[in-house]
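Enquirer: Below you'll find the structure I mean.
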Amino acid sequence: MEREFDRVVDAEQRIEPRDWMPDGYRKTLIRQIAQHAHSEIIGMQPEANWISRAPSLRRKAILLAKVQDEAGHGLYLYAATETLGADREDLTTKLIEGRQKYSSIFNYPTLNFADVGVIGWLVDGAAIVNQVPLCRTSYGPYARAMIRICKEESFHQRQGFELLMTMMRGTDAQRRMVQDSVDRWWWPSLMMFGPPDEKSANTEQSMAWRIKRHTNDELRQKFVDMTVPQARALGVTLPDPDLRWNDDRGHHDFGELDWEEFWQVVGGDGPCNRQRVAHRRAAHENGAWVRDAAAAYAARRAGSDAE
Ligand code: FAQ
C-alpha cells in the first residue's frame, strides 16, 4: 500500500479520499487545510469592518461580494478536511478555543479605507503566490478546491489594485492614506509565507509528500519580485531601505523580517488576536439556534422517511 502511495505521489498523480495514505500525511493535510479554512473565515473580519462605511454603493457591493467569497473558500476547505475524516464542529471548537492556528495576517487592524485596497493587492497577492502551486498539491480534493479559489483570489487582487490606482489619482490626502496602509501591511504580508526555511518544522516532509511544492523562502522571494514593479506602477514606496535588485541573483534583495513579531502574532499575542477569536466565538454561539433547528428538522425528516 505504501509503495502504491509513493508511486502515485512520485508520478504527480493525486491521492484521493479512499486511497491508503500514511497517518502523518493525513494529519499534516488536516492541519494545513484546517488552518487555511480558519484563515479564510477569520479573514472576513478585517475587511467586513469597512462594509458599512464604504465610500460608495459600488465599493460596498464589491466589498460585500469579496467577503462572501472568502466565506465560500472557508466552506470548500472545511469540506476538504471532511474527506480526510475530520469533523467540522471539532475544527471550529479548536479554533475558538485557540488550539488551532490561522494566518498571522488577519491579526492586524484595518484603520482606513485604503486598507481594503491594500489587503486585495498585497494579502490576496501573497495568497495567490502561495496557492497557485497548491493547485498541484498531491491530495486531490485540496488541489481541486485551490483551482476555483485561485481564480477568485486573482479577481480580488485586481479589485484591490484598481481601488488603490483610483485613490492614487485622487487627492494628496488619499495618496497619504494609501502610503500609510502600504507601510503597515508590507511586512505582515511577507510573514504570510511562514518562518524562514531553516526554522520551518514541516517544509521538508511536506515537500517530500508533494503537499507543498515550494519552500516558504522561495515563495516569499517570488512575491517580492512580483510586487516591486506593481508598487512602482502605483507610485507607492515599499517600506524597506534594503530593497534593491541584485543582478547576480536575478532577484530583489530585501531586509530581514521581524521574526520576534511573527512568533508573537502566531502565538496568539498580536494586535487583534483576542478580538478576532472572540468575534468568531460570539458568531458561533449566536448561531447555535440555527444548528439546533437544522438538526431537529433533519431528525424529523429521517423519522418520517423511516415510516
Ligand atoms: N500564520 O513549518 P511551517 C487567505 C505556523 S490566505 C500563522 O513553515 P507549514 C486568503 C505553521 O502552521 C492565508 N501560522 O508550516 C484571504 C506551523 O504551525 P504548527 C491562508 C503560521 O504549514 C485573503 C508553524 O508555524 N493561506 O486566507 C504562519 O509547512 C484575504 C511552522 O511553520 C494558507 O493557509 C502564518 N503566516 O507552512 C482571505 C495557505 N506561517 O501547526 C481573506 C496554505 C507558519 O506546526 C482575505 N498553507 N505558521 O504548529 C500553507 O501553504 C502553509 O501552511 C504555510 C506554512 C506556508 C502557511
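Identifiers in the C-alpha cells: chain A, B, ... in order shown; residue index from 1 per chain; ligand index from 1 in order shown.
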Within 8 Å of ligand 1, which residues show up when you count only C-alpha atoms and all ligand atoms? List them as a PyMOL selection string, please.
Expert: chain A and resi 28+31-33+35-44+46-47+67+70+100-106+119-120+123-124+126-128+130-131+134+153+191-197+199-203+206+212+215-216+262+265-266
Enquirer: Atom CA of Val182 of chain A and atom CA of Ile62 of chain A are how many Å apart?
Expert: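 Interatomic distance, atom CA of Val182 of chain A to atom CA of Ile62 of chain A: 20.8 Å.
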Enquirer: Using DSSP on the backbone coordinates, identify the residues of segment 99-231 of chain A assigned to alpha helix (DSSP H); present them as a PyMOL selection string.
Expert: chain A and resi 114-118+124-131+140-168+172-191+203-208+216-231
Enquirer: Enumerate, as a PyMOL selection string, the complete set of residues in segment 80-305 of chain A that a backbone-based DSSP assignment places in strand (DSSP E).
Expert: chain A and resi 244-246+251-253
Enquirer: Would you save the residues of that selection, restricted to N, CA and C atoms, as a CSV table (one decimal), in the first residue's frame?
Expert:
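Writing done, so here's result.csv:
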```csv
chain,number,residue,atom,x,y,z
A,244,ARG,N,16.4,46.1,-3.0
A,244,ARG,CA,17.0,46.5,-4.3
A,244,ARG,C,17.3,45.3,-5.2
A,245,TRP,N,17.3,45.6,-6.5
A,245,TRP,CA,17.5,44.5,-7.5
A,245,TRP,C,19.0,44.0,-7.3
A,246,ASN,N,19.2,42.7,-7.4
A,246,ASN,CA,20.5,42.1,-7.3
A,246,ASN,C,20.7,41.3,-8.6
A,251,HIS,N,17.3,38.4,-8.6
A,251,HIS,CA,16.1,38.7,-7.7
A,251,HIS,C,16.3,39.9,-6.9
A,252,HIS,N,15.3,40.4,-6.2
A,252,HIS,CA,15.4,41.5,-5.3
A,252,HIS,C,16.0,41.1,-4.0
A,253,ASP,N,17.0,41.8,-3.5
A,253,ASP,CA,17.3,41.6,-2.1
A,253,ASP,C,16.3,42.4,-1.2
```
Enquirer: Considering only C-alpha atoms, state which residue in the set A:Val290, A:Ala71, A:Met165, A:Trp187 is at the smallest distance from Arg220 of chain A.
Expert: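 Looking at the shortest contact to Arg220 of chain A, the residue is A:Trp187.
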Enquirer: Excluding Arg232 of chain A and residues on its chain fewer than 6 positions from it, collect all residues at most 12 Å away from it, counting only C-alpha atoms, and give them as number ranges by chain.
Expert: A: 165, 168, 225-226, 238
Enquirer: Those same residues, written as a PDB file, in the first residue's frame with C-alpha atoms?
Expert:
```pdb
ATOM      1  CA  MET A 165      -4.992  53.205  -8.523  1.00  0.00           C
ATOM      2  CA  MET A 168      -3.573  57.411  -6.120  1.00  0.00           C
ATOM      3  CA  ASP A 225       9.911  40.146  -7.199  1.00  0.00           C
ATOM      4  CA  MET A 226       6.339  40.281  -8.464  1.00  0.00           C
ATOM      5  CA  LEU A 238       7.689  49.842  -0.065  1.00  0.00           C
TER       6      LEU A 238
END
```
Enquirer: So what do you get for atom CA of Arg210 of chain A versus atom CA of Arg14 of chain A, distance-wise?
Expert: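 Separation of atom CA of Arg210 of chain A and atom CA of Arg14 of chain A: 10.0 Å.
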Enquirer: Nearest to Gly117 of chain A among A:Ala54, A:Ala143, A:Leu75, A:Ile96, with distances taken over only C-alpha atoms: which residue is it?
Expert: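 Of A:Ala54, A:Ala143, A:Leu75, A:Ile96, the one nearest Gly117 of chain A is A:Ala54, counting only C-alpha atoms.
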Enquirer: Counting only C-alpha atoms, figure out which residue out of A:Trp263, A:Trp209, A:Tyr76, A:Trp186 gets nearest to Val228 of chain A.
Expert: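 Among A:Trp263, A:Trp209, A:Tyr76, A:Trp186, it is A:Trp186 that comes nearest to Val228 of chain A.
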Enquirer: Work out how far atom CA of Gln205 of chain A is from atom CA of Glu89 of chain A, in Å to one decimal.
Expert: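 Going from atom CA of Glu89 of chain A over to atom CA of Gln205 of chain A, I get 28.0 Å.
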Enquirer: With distances taken over only C-alpha atoms, which of A:Arg213, A:Ala86, A:Ser304, A:Thr81 is nearest to Thr137 of chain A?
Expert: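 Looking only at the distances to Thr137 of chain A, the closest residue turns out to be A:Arg213.
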Enquirer: Which residues come within 9 Å of Ser181 of chain A, counting only C-alpha atoms, excluding same-chain residues fewer than 2 positions away, as an MDAnalysis selection string?
Expert: chainID A and resid 110:115 117:118 176:179 183:186
Enquirer: Residues as selected, all heavy atoms, written as a CSV table (one decimal), in the first residue's frame, can you do that?
Expert:
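Writing done, so here's again.csv:
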```
chain,number,residue,atom,x,y,z
A,110,THR,N,-7.7,47.1,10.5
A,110,THR,CA,-7.9,47.9,9.3
A,110,THR,C,-8.3,49.3,9.7
A,110,THR,O,-9.4,49.5,10.2
A,110,THR,CB,-9.0,47.2,8.4
A,110,THR,OG1,-10.1,46.8,9.3
A,110,THR,CG2,-8.5,46.1,7.6
A,111,LEU,N,-7.4,50.2,9.5
A,111,LEU,CA,-7.6,51.6,10.1
A,111,LEU,C,-8.1,52.6,9.1
A,111,LEU,O,-8.6,53.6,9.5
A,111,LEU,CB,-6.2,52.1,10.6
A,111,LEU,CG,-5.5,51.2,11.7
A,111,LEU,CD1,-4.2,51.8,12.1
A,111,LEU,CD2,-6.5,50.9,12.9
A,112,ASN,N,-8.0,52.4,7.8
A,112,ASN,CA,-8.6,53.3,6.8
A,112,ASN,C,-9.0,52.6,5.6
A,112,ASN,O,-8.7,51.4,5.4
A,112,ASN,CB,-7.6,54.5,6.5
A,112,ASN,CG,-6.4,54.0,5.7
A,112,ASN,OD1,-6.6,53.2,4.7
A,112,ASN,ND2,-5.2,54.6,5.9
A,113,PHE,N,-9.8,53.3,4.7
A,113,PHE,CA,-10.4,52.5,3.6
A,113,PHE,C,-9.3,52.0,2.6
A,113,PHE,O,-9.6,51.0,1.9
A,113,PHE,CB,-11.5,53.3,2.9
A,113,PHE,CG,-12.3,52.5,2.0
A,113,PHE,CD1,-13.2,51.6,2.6
A,113,PHE,CD2,-12.1,52.5,0.6
A,113,PHE,CE1,-14.0,50.7,1.8
A,113,PHE,CE2,-12.9,51.6,-0.2
A,113,PHE,CZ,-13.8,50.7,0.4
A,114,ALA,N,-8.2,52.7,2.6
A,114,ALA,CA,-7.1,52.2,1.7
A,114,ALA,C,-6.7,50.7,2.1
A,114,ALA,O,-6.2,50.0,1.3
A,114,ALA,CB,-5.9,53.1,1.7
A,115,ASP,N,-6.9,50.4,3.4
A,115,ASP,CA,-6.6,49.0,3.8
A,115,ASP,C,-7.3,48.0,3.0
A,115,ASP,O,-6.8,46.9,2.8
A,115,ASP,CB,-6.9,48.9,5.3
A,115,ASP,CG,-5.9,49.6,6.2
A,115,ASP,OD1,-5.0,50.3,5.6
A,115,ASP,OD2,-5.9,49.5,7.4
A,117,GLY,N,-8.1,48.2,-0.1
A,117,GLY,CA,-7.3,48.0,-1.4
A,117,GLY,C,-6.0,47.3,-1.2
A,117,GLY,O,-5.6,46.4,-2.0
A,118,VAL,N,-5.3,47.6,-0.1
A,118,VAL,CA,-4.0,47.0,0.2
A,118,VAL,C,-4.2,45.5,0.6
A,118,VAL,O,-3.4,44.7,0.2
A,118,VAL,CB,-3.2,47.8,1.2
A,118,VAL,CG1,-2.0,47.1,1.7
A,118,VAL,CG2,-2.8,49.1,0.6
A,176,ARG,N,-1.8,59.8,0.7
A,176,ARG,CA,-1.2,59.6,2.0
A,176,ARG,C,-1.8,58.4,2.7
A,176,ARG,O,-1.1,57.6,3.4
A,176,ARG,CB,-1.3,60.8,2.9
A,176,ARG,CG,-0.2,61.9,2.7
A,176,ARG,CD,-0.2,62.9,3.9
A,176,ARG,NE,-1.4,63.6,4.1
A,176,ARG,CZ,-1.8,64.7,3.5
A,176,ARG,NH1,-1.0,65.2,2.5
A,176,ARG,NH2,-3.0,65.3,3.7
A,177,MET,N,-3.1,58.2,2.6
A,177,MET,CA,-3.8,57.1,3.1
A,177,MET,C,-3.2,55.8,2.6
A,177,MET,O,-3.0,54.8,3.3
A,177,MET,CB,-5.3,57.1,2.9
A,177,MET,CG,-6.1,57.9,3.9
A,177,MET,SD,-7.8,58.2,3.3
A,177,MET,CE,-8.5,56.6,3.5
A,178,VAL,N,-3.0,55.8,1.2
A,178,VAL,CA,-2.5,54.5,0.6
A,178,VAL,C,-1.1,54.2,1.1
A,178,VAL,O,-0.8,53.1,1.5
A,178,VAL,CB,-2.5,54.7,-1.0
A,178,VAL,CG1,-1.9,53.5,-1.6
A,178,VAL,CG2,-4.0,54.9,-1.5
A,179,GLN,N,-0.3,55.3,1.1
A,179,GLN,CA,1.1,55.0,1.6
A,179,GLN,C,1.1,54.5,3.0
A,179,GLN,O,1.9,53.6,3.4
A,179,GLN,CB,2.0,56.3,1.4
A,179,GLN,CG,3.5,56.1,1.8
A,179,GLN,CD,4.1,55.0,0.9
A,179,GLN,OE1,4.1,55.1,-0.4
A,179,GLN,NE2,4.7,54.0,1.5
A,183,ASP,N,2.7,51.0,4.3
A,183,ASP,CA,3.7,50.9,5.3
A,183,ASP,C,3.3,49.9,6.4
A,183,ASP,O,4.2,49.3,7.0
A,183,ASP,CB,3.9,52.3,6.0
A,183,ASP,CG,4.5,53.3,5.0
A,183,ASP,OD1,5.1,52.9,4.0
A,183,ASP,OD2,4.5,54.5,5.3
A,184,ARG,N,2.0,49.9,6.7
A,184,ARG,CA,1.6,48.9,7.8
A,184,ARG,C,1.5,47.5,7.4
A,184,ARG,O,1.7,46.6,8.1
A,184,ARG,CB,0.3,49.4,8.4
A,184,ARG,CG,0.4,50.7,9.3
A,184,ARG,CD,-0.9,51.1,9.9
A,184,ARG,NE,-1.8,51.8,8.9
A,184,ARG,CZ,-2.9,51.2,8.4
A,184,ARG,NH1,-3.3,50.0,8.8
A,184,ARG,NH2,-3.6,51.9,7.5
A,185,TRP,N,1.1,47.3,6.1
A,185,TRP,CA,0.8,45.9,5.7
A,185,TRP,C,2.0,45.2,5.0
A,185,TRP,O,1.9,43.9,4.8
A,185,TRP,CB,-0.4,45.9,4.7
A,185,TRP,CG,-1.7,46.2,5.5
A,185,TRP,CD1,-2.3,47.4,5.7
A,185,TRP,CD2,-2.5,45.3,6.2
A,185,TRP,NE1,-3.4,47.3,6.4
A,185,TRP,CE2,-3.6,46.0,6.8
A,185,TRP,CE3,-2.5,43.9,6.4
A,185,TRP,CZ2,-4.6,45.4,7.5
A,185,TRP,CZ3,-3.5,43.3,7.2
A,185,TRP,CH2,-4.6,44.1,7.7
A,186,TRP,N,3.0,45.9,4.5
A,186,TRP,CA,4.1,45.2,3.7
A,186,TRP,C,4.7,44.1,4.5
A,186,TRP,O,4.7,42.9,4.1
A,186,TRP,CB,5.1,46.3,3.3
A,186,TRP,CG,6.3,45.6,2.6
A,186,TRP,CD1,7.6,45.6,3.1
A,186,TRP,CD2,6.3,44.9,1.4
A,186,TRP,NE1,8.4,44.9,2.2
A,186,TRP,CE2,7.7,44.5,1.1
A,186,TRP,CE3,5.4,44.6,0.4
A,186,TRP,CZ2,8.0,43.8,0.0
A,186,TRP,CZ3,5.7,43.9,-0.7
A,186,TRP,CH2,7.1,43.5,-0.9
```
Enquirer: So, with only C-alpha atoms as the atoms that count, which of A:Ile211, A:Leu190, A:Ile51, A:Ala283 lies closest to Ser138 of chain A?
Expert: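 Of A:Ile211, A:Leu190, A:Ile51, A:Ala283, the one nearest Ser138 of chain A is A:Ile211, counting only C-alpha atoms.
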Enquirer: Restricting the calculation to only C-alpha atoms: of A:Asp6, A:Glu12, A:Glu260, A:Glu285, which residue gets closest to Arg136 of chain A?
Expert: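 Closest candidate: A:Glu12.
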